[in-house]
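Below: the structure, in C-alpha cells.
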Amino acid sequence: MKPVLQVKNLVKRFGALTATNDISFDLHEGESLALIGPNGAGKTTIFSQIMGELRQSEGSIHLYDEEISHLKPAARIKRQVSRTYQVPRPFAELTVLENIRIGHMPNSIWSMLTQQPDLDYERELANKVGLAEADHQRTPAELSMGDLRKLEMARTMATDPKVMLLDEVFAGLTTAEVAQISDLILQMRADGMTFLVVSHDLPALKPLVDTAIAINQGQEIARGSFNQVLADPAVLSSYLGEV
Amino acid sequence: MKLIETKHLIAWAAFLLVLALMPMFVSNGTLRIFIFANFLAVFAISWDVLSGRTGYISFGHPFLIGIGVYATAIMSKRFGVPVEYSIPLAVLVTMLGSVLVFLPALRVKGSYFALVTLAFMELAYQLVQVIRPDLTGGTRGIFGIKTITRGAENGYYMSMCLMFGIAFVSWLVMRTQLGTALSALGMQEESVEGSGKSTTKLKLAAFLMSAFIAGLGGAFYAHYVGAIAPRTLFDINFLFTIIVAVLIGGSGTIIGPIIGAFFLTFLLEFLRPYLPGAGRYFIYGGIALLLYMYQPKGIYSIVDKLIKRWRGGAV
C-alpha cells in the first residue's frame, strides 16, 4: 500500500541553526504516528513545513504521490491535509459556528457570495467535538481553553481533511476533556482518518498512535512502537531526563 | 437562524422611509448638508469594506475616489461622453486602479501598507497637475462638469438613493459567507489561510468592492458639484474625515460609517457659527479621541448596547 504522506529528508535551517535535520517518514492511510521530543526539538517546525507555512531548506513532501513541497498552504489544505495549532487561533469576534464556517466554506469568491452556509453541518461538527448547543453562538472570548481546542479541531475538520496534524491537542485540557478528544480521535481513526500527532501528554497519546518517532534538536533519535520509543535510552536521556 | 431576518428588513425599510420623508421636515439648507453627509457615508462605507473588515488600513482612499471623479469628469467634459456611460466607465477605471493599490498588500501589512497607500494619494496629486493638464485641468482642476441634478431636493434624493443602495447591497454582501471571510481576514489572516482559503483572492475581492463603491461615489459626486480640484480631492483632511467618520460611527459594520458620516457632517456645520475655520476640527478631533478611548467600537456600539439594555429591562 502506498503511503498517504511521505516526508523525505526534510531539512530546515534558520541561519546557523538547523531546526529539522534530515527527517523522513511515511504515513499510511488510517495510521496514526506520534512525533515526540522535548520543547524546541523541531516538531512544530515539521508541521509548518508539511503545511507550507515554512518552506523547507532541503528535502520534499509528497501527498498521495504528488509533490506538494512548492504549494501554498491553501493549496495543500485543498489536497486534504490540515492542522491544528499549539496555541488556538480562533477568529475573536466570530461565533463558534462562524469560526467553523471559515473552514467549511468554498474557496471561490462567487460561491462564497451565492451559497448559503450549511448550518446543520456546522452544528453537527460543533456537537461532534463536544461543544454544547449553548456555545454555538458564543465568541471565543467566552470559551474555556478546552472549548477553544475543540473549536480548533472542529474548524480543522471542516476543511474535510484526510490527513490531520494535531499539535499539542491536549494542552490545557481537563482529564474529562482529554478523554472526550481522545474518543473523537479514535472514532475518526475508525472512520479512516490519518493522524500525525504531537503531544507532551504521553499517557493520553499512547492509546491513539501506532508508532512514534522521537526527535531531539531537529534529529531523529528513535523510531518504532510507542513503548519501544519510550524505552529507548536516547529518548530517556534527552526527552525524559533519565540516564 | 436565518442570515437575513424579517426584523432586519423592517429596520432597513424604516430607515428608507425616514430618509425619503426628510425633505418634508427640513429646510433646503439642511438638505444640502444631508447631501454631503450622504456622499461622506458612501466614501466611509467604501473605506470600511476594505480597511474596517480586512484590517488593511488604507491611507490612499482619496486616490481611488479621485480616479472615479477624474475619469468621469474627463470623459464627459473633454470627450463629450454621456453621463450614463461615463459613470460606469469611471467605476471600471477605479476598479482597475485599485489593483495598483492591491499589489503592495501582497507583500506588506500594517503601518507599511498604510504608508504605501498614502504615497499613492500624493503621487496622484502630483501627477494630475503635470501629466496632460489639457485633460486634467492641472492645478485648477476641471470646471463646468455636467451636473445630473438641480436644486437641493433633487440632489438630496440622488445622493440618498446612492447612499442607501450602496449601504443595503454592502450589507447583503456582508451577510454572505464572503462577508464572514473578510471579517475573519481582519481578525486572523494566518488562520484564514490555515483554513484553506486563499487570502489573496479575498483581499482582491475586498479591494475591488471598495473601489467599486469609491468610484461610483466619486463619479456621482463629480456630477453633483460640477467642479473638481486636485487639492480638495487628494487631501489629507479629506482622508481623515473619511476615516474619522468610520471610527466615530463604528468600523466593521455598515450602519456605523453612515452614523459617523452624519454625525461628523452635522457636528461641523453646527460648530461653524461658533468656531469658524479650522478651530472646529479640534472639537471633532477631541470627540473622536474620547470615543476611541472609551468606546473604540463607536457610536453604533453605544446605541446597540442601549437597545439591548432597554430590551433586557423591558422583558
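Chain lettering (A, B, ...) mirrors the order of the C-alpha cells, residue numbering begins at 1 for each chain separately, and ligand numbering begins at 1 in order of display.
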
Shell of 12 Å around Val93 (chain B), only C-alpha atoms, local chain residues under 2 positions omitted, as a PyMOL selection string: chain B and resi 64-72+75+86-91+95-100+208+211-212+214-216+218-219

Put those residues in a file: C-alpha atoms, as a CSV table (one decimal), in the first residue's frame.
```csv
chain,number,residue,atom,x,y,z
B,64,LEU,CA,-9.5,55.7,-5.6
B,65,ILE,CA,-12.2,58.3,-5.2
B,66,GLY,CA,-10.1,60.7,-7.3
B,67,ILE,CA,-9.8,58.1,-10.1
B,68,GLY,CA,-13.6,57.9,-10.3
B,69,VAL,CA,-14.0,61.7,-10.1
B,70,TYR,CA,-11.4,62.5,-12.8
B,71,ALA,CA,-12.3,59.6,-15.1
B,72,THR,CA,-15.9,60.7,-15.4
B,75,MET,CA,-14.8,61.6,-20.3
B,86,SER,CA,-19.0,57.9,-18.3
B,87,ILE,CA,-20.1,56.9,-14.7
B,88,PRO,CA,-20.0,53.1,-15.2
B,89,LEU,CA,-16.7,53.5,-17.2
B,90,ALA,CA,-15.3,55.6,-14.3
B,91,VAL,CA,-16.2,52.9,-11.9
B,95,MET,CA,-11.5,49.1,-10.0
B,96,LEU,CA,-8.6,48.8,-12.4
B,97,GLY,CA,-6.7,51.5,-10.4
B,98,SER,CA,-7.4,49.6,-7.2
B,99,VAL,CA,-5.3,46.7,-8.5
B,100,LEU,CA,-2.3,49.1,-8.2
B,208,LEU,CA,-12.5,45.6,-5.9
B,211,ALA,CA,-13.0,50.6,-5.4
B,212,PHE,CA,-16.5,49.9,-6.9
B,214,ALA,CA,-15.4,54.7,-4.2
B,215,GLY,CA,-15.6,55.0,-8.0
B,216,LEU,CA,-19.4,55.2,-8.0
B,218,GLY,CA,-16.7,59.8,-6.7
B,219,ALA,CA,-18.3,59.8,-10.2
```

Neighbours of chain A in chain B at 8 Å, counting only C-alpha atoms, as a JSON list (two decimals) with N, CA and C atoms, in the first residue's frame:
```json
[["chain", "number", "residue", "atom", "x", "y", "z"],
["B", 173, "VAL", "N", -24.10, 41.77, 1.04],
["B", 173, "VAL", "CA", -22.83, 41.06, 0.75],
["B", 173, "VAL", "C", -22.17, 40.63, 2.06],
["B", 176, "THR", "N", -23.27, 37.42, 3.62],
["B", 176, "THR", "CA", -22.93, 36.16, 2.97],
["B", 176, "THR", "C", -21.65, 35.57, 3.59],
["B", 177, "GLN", "N", -21.28, 34.41, 3.09],
["B", 177, "GLN", "CA", -20.05, 33.77, 3.58],
["B", 177, "GLN", "C", -18.82, 34.63, 3.24],
["B", 178, "LEU", "N", -18.92, 35.40, 2.14],
["B", 178, "LEU", "CA", -17.81, 36.27, 1.78],
["B", 178, "LEU", "C", -17.58, 37.32, 2.88],
["B", 180, "THR", "N", -18.33, 37.07, 6.02],
["B", 180, "THR", "CA", -17.73, 36.39, 7.20],
["B", 180, "THR", "C", -16.23, 36.18, 6.98],
["B", 181, "ALA", "N", -15.88, 35.77, 5.75],
["B", 181, "ALA", "CA", -14.47, 35.50, 5.45],
["B", 181, "ALA", "C", -13.65, 36.80, 5.50],
["B", 184, "ALA", "N", -13.10, 37.69, 9.05],
["B", 184, "ALA", "CA", -12.11, 36.76, 9.61],
["B", 184, "ALA", "C", -10.70, 37.17, 9.20],
["B", 187, "MET", "N", -9.27, 39.60, 11.43],
["B", 187, "MET", "CA", -9.01, 39.13, 12.79],
["B", 187, "MET", "C", -7.76, 38.24, 12.86],
["B", 188, "GLN", "N", -7.61, 37.32, 11.92],
["B", 188, "GLN", "CA", -6.51, 36.35, 11.94],
["B", 188, "GLN", "C", -6.22, 35.91, 10.51],
["B", 191, "SER", "N", -4.96, 32.32, 10.18],
["B", 191, "SER", "CA", -5.94, 31.25, 10.39],
["B", 191, "SER", "C", -6.86, 31.10, 9.19],
["B", 192, "VAL", "N", -7.10, 32.20, 8.46],
["B", 192, "VAL", "CA", -7.91, 32.09, 7.25],
["B", 192, "VAL", "C", -7.15, 31.22, 6.25],
["B", 193, "GLU", "N", -5.86, 31.49, 6.12],
["B", 193, "GLU", "CA", -5.02, 30.68, 5.22],
["B", 193, "GLU", "C", -4.95, 29.24, 5.74],
["B", 194, "GLY", "N", -4.84, 29.11, 7.05],
["B", 194, "GLY", "CA", -4.79, 27.78, 7.67],
["B", 194, "GLY", "C", -6.11, 27.03, 7.57],
["B", 195, "SER", "N", -7.16, 27.72, 7.15],
["B", 195, "SER", "CA", -8.45, 27.07, 6.93],
["B", 195, "SER", "C", -8.65, 26.76, 5.44],
["B", 196, "GLY", "N", -7.59, 26.94, 4.69],
["B", 196, "GLY", "CA", -7.62, 26.55, 3.27],
["B", 196, "GLY", "C", -8.19, 27.60, 2.34],
["B", 197, "LYS", "N", -8.31, 28.85, 2.82],
["B", 197, "LYS", "CA", -8.86, 29.88, 1.95],
["B", 197, "LYS", "C", -7.73, 30.74, 1.38],
["B", 198, "SER", "N", -7.90, 31.15, 0.13],
["B", 198, "SER", "CA", -6.88, 31.99, -0.49],
["B", 198, "SER", "C", -7.05, 33.43, -0.01],
["B", 201, "LYS", "N", -7.13, 36.02, -2.91],
["B", 201, "LYS", "CA", -8.43, 36.20, -3.57],
["B", 201, "LYS", "C", -9.35, 37.07, -2.72],
["B", 202, "LEU", "N", -9.34, 36.80, -1.41],
["B", 202, "LEU", "CA", -10.23, 37.55, -0.52],
["B", 202, "LEU", "C", -9.85, 39.02, -0.48],
["B", 205, "ALA", "N", -10.91, 40.69, -3.65],
["B", 205, "ALA", "CA", -12.36, 40.93, -3.65],
["B", 205, "ALA", "C", -12.69, 42.18, -2.83]]
```

Test item: residues at most 10 Å from region 7-13 of chain B, only C-alpha atoms, excluding those fewer than 5 positions along its chain, as a PyMOL selection string: chain B and resi 18-19+164+167-168

Near region 31-38 of chain A, counting only C-alpha atoms, which residues have an atom at most 7 Å away, once you skip same-chain residues fewer than 5 positions from it, shown as a PyMOL selection string? chain A and resi 43+194-199+209-216+239

Applying 10 Å and only C-alpha atoms, which residues near region 171-183 of chain A remain after dropping the ones on its own chain fewer than 4 positions away? List them as JSON, numbers by chain. {"A": [86, 87, 128, 129, 130, 144, 145, 146, 147, 148, 149, 150, 153, 167, 187, 188, 189, 199, 200, 201, 204, 205, 207, 208]}

Could you write out the selected residues, including N, CA and C atoms, as a JSON list (two decimals), in the first residue's frame?
```json
[["chain", "number", "residue", "atom", "x", "y", "z"],
["A", 86, "GLN", "N", -0.71, 24.73, 18.19],
["A", 86, "GLN", "CA", -0.35, 24.60, 19.60],
["A", 86, "GLN", "C", -1.13, 25.61, 20.45],
["A", 87, "VAL", "N", -1.15, 26.87, 19.97],
["A", 87, "VAL", "CA", -1.95, 27.91, 20.62],
["A", 87, "VAL", "C", -3.14, 28.15, 19.70],
["A", 128, "LYS", "N", -20.12, 17.26, 17.50],
["A", 128, "LYS", "CA", -19.21, 16.11, 17.40],
["A", 128, "LYS", "C", -17.95, 16.30, 18.26],
["A", 129, "VAL", "N", -17.42, 17.53, 18.26],
["A", 129, "VAL", "CA", -16.20, 17.76, 19.06],
["A", 129, "VAL", "C", -16.54, 18.03, 20.53],
["A", 130, "GLY", "N", -17.83, 18.09, 20.84],
["A", 130, "GLY", "CA", -18.23, 18.26, 22.25],
["A", 130, "GLY", "C", -18.51, 19.68, 22.66],
["A", 144, "SER", "N", -13.75, 28.27, 27.36],
["A", 144, "SER", "CA", -12.60, 27.82, 28.14],
["A", 144, "SER", "C", -11.51, 27.34, 27.17],
["A", 145, "MET", "N", -10.30, 27.11, 27.69],
["A", 145, "MET", "CA", -9.21, 26.63, 26.83],
["A", 145, "MET", "C", -9.59, 25.30, 26.18],
["A", 146, "GLY", "N", -10.26, 24.45, 26.96],
["A", 146, "GLY", "CA", -10.69, 23.16, 26.42],
["A", 146, "GLY", "C", -11.63, 23.35, 25.23],
["A", 147, "ASP", "N", -12.57, 24.27, 25.38],
["A", 147, "ASP", "CA", -13.52, 24.52, 24.29],
["A", 147, "ASP", "C", -12.83, 25.16, 23.09],
["A", 148, "LEU", "N", -11.81, 25.98, 23.36],
["A", 148, "LEU", "CA", -11.06, 26.58, 22.24],
["A", 148, "LEU", "C", -10.35, 25.50, 21.43],
["A", 149, "ARG", "N", -9.81, 24.49, 22.13],
["A", 149, "ARG", "CA", -9.14, 23.38, 21.42],
["A", 149, "ARG", "C", -10.16, 22.60, 20.60],
["A", 150, "LYS", "N", -11.35, 22.42, 21.19],
["A", 150, "LYS", "CA", -12.39, 21.70, 20.45],
["A", 150, "LYS", "C", -12.79, 22.49, 19.21],
["A", 153, "MET", "N", -10.24, 22.04, 16.60],
["A", 153, "MET", "CA", -10.43, 20.72, 15.98],
["A", 153, "MET", "C", -11.57, 20.80, 14.95],
["A", 167, "ASP", "N", -1.37, 19.43, 16.83],
["A", 167, "ASP", "CA", -0.23, 19.98, 17.57],
["A", 167, "ASP", "C", -0.65, 20.27, 19.01],
["A", 187, "GLN", "N", -12.55, 7.61, 17.18],
["A", 187, "GLN", "CA", -13.70, 7.47, 16.28],
["A", 187, "GLN", "C", -13.30, 7.84, 14.85],
["A", 188, "MET", "N", -12.55, 8.95, 14.74],
["A", 188, "MET", "CA", -12.12, 9.39, 13.40],
["A", 188, "MET", "C", -11.14, 8.40, 12.78],
["A", 189, "ARG", "N", -10.31, 7.80, 13.63],
["A", 189, "ARG", "CA", -9.39, 6.77, 13.12],
["A", 189, "ARG", "C", -10.18, 5.58, 12.58],
["A", 199, "SER", "N", 2.31, 15.66, 21.08],
["A", 199, "SER", "CA", 1.76, 15.96, 22.42],
["A", 199, "SER", "C", 2.80, 15.63, 23.47],
["A", 200, "HIS", "N", 2.77, 16.42, 24.56],
["A", 200, "HIS", "CA", 3.61, 16.12, 25.70],
["A", 200, "HIS", "C", 2.88, 15.22, 26.69],
["A", 201, "ASP", "N", 1.59, 15.04, 26.46],
["A", 201, "ASP", "CA", 0.79, 14.20, 27.35],
["A", 201, "ASP", "C", 0.91, 12.75, 26.87],
["A", 204, "ALA", "N", -1.88, 10.09, 27.50],
["A", 204, "ALA", "CA", -3.06, 10.31, 26.65],
["A", 204, "ALA", "C", -2.77, 9.92, 25.20],
["A", 205, "LEU", "N", -1.51, 10.09, 24.82],
["A", 205, "LEU", "CA", -1.12, 9.84, 23.42],
["A", 205, "LEU", "C", -1.04, 8.33, 23.11],
["A", 207, "PRO", "N", -2.70, 5.43, 23.68],
["A", 207, "PRO", "CA", -3.73, 4.61, 23.02],
["A", 207, "PRO", "C", -4.12, 5.10, 21.62],
["A", 208, "LEU", "N", -3.64, 6.27, 21.24],
["A", 208, "LEU", "CA", -4.10, 6.87, 19.99],
["A", 208, "LEU", "C", -3.20, 6.58, 18.79]]
```

Surrounding residues of Ser69 (chain A) excluding itself and chain neighbours under 4 positions, 8 Å, only C-alpha atoms, as JSON, numbers by chain: {"A": [50, 52, 55, 56, 60, 61, 62]}

What's around Phe63 (chain B) at 9 Å? Count only C-alpha atoms, leave out sequence neighbours fewer than 5 positions away in its own chain, and write the answer as a list in words. Gly68, Gly97, Ser98, Thr117, Leu118, Phe120, Met121, Glu122, Leu123, Ala124, Tyr125, Leu233 and Phe234 of chain B

Could you go through region 110-249 of chain B and tell me which residues DSSP, when run on the backbone, assigns to helix (DSSP H, G or I), listing them as a ChimeraX atom specification? /B:110-130,133-136,138-140,152-175,177-187,189-194,199-225,230-233,236-249

Determine which residues of region 9-212 of chain A DSSP labels as strand (DSSP E) from the backbone of this structure, then write them out as a PyMOL selection string. chain A and resi 9-14+17-27+32-36+58-63+66-67+81-83+163-167+194-198+211-212

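For the pair CA of Leu184 (chain A) and CA of Leu151 (chain A), the interatomic distance is 13.0 Å.
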
Distance CA of Lys109 (chain B)-CA of Gly186 (chain B), one decimal place? 11.2 Å
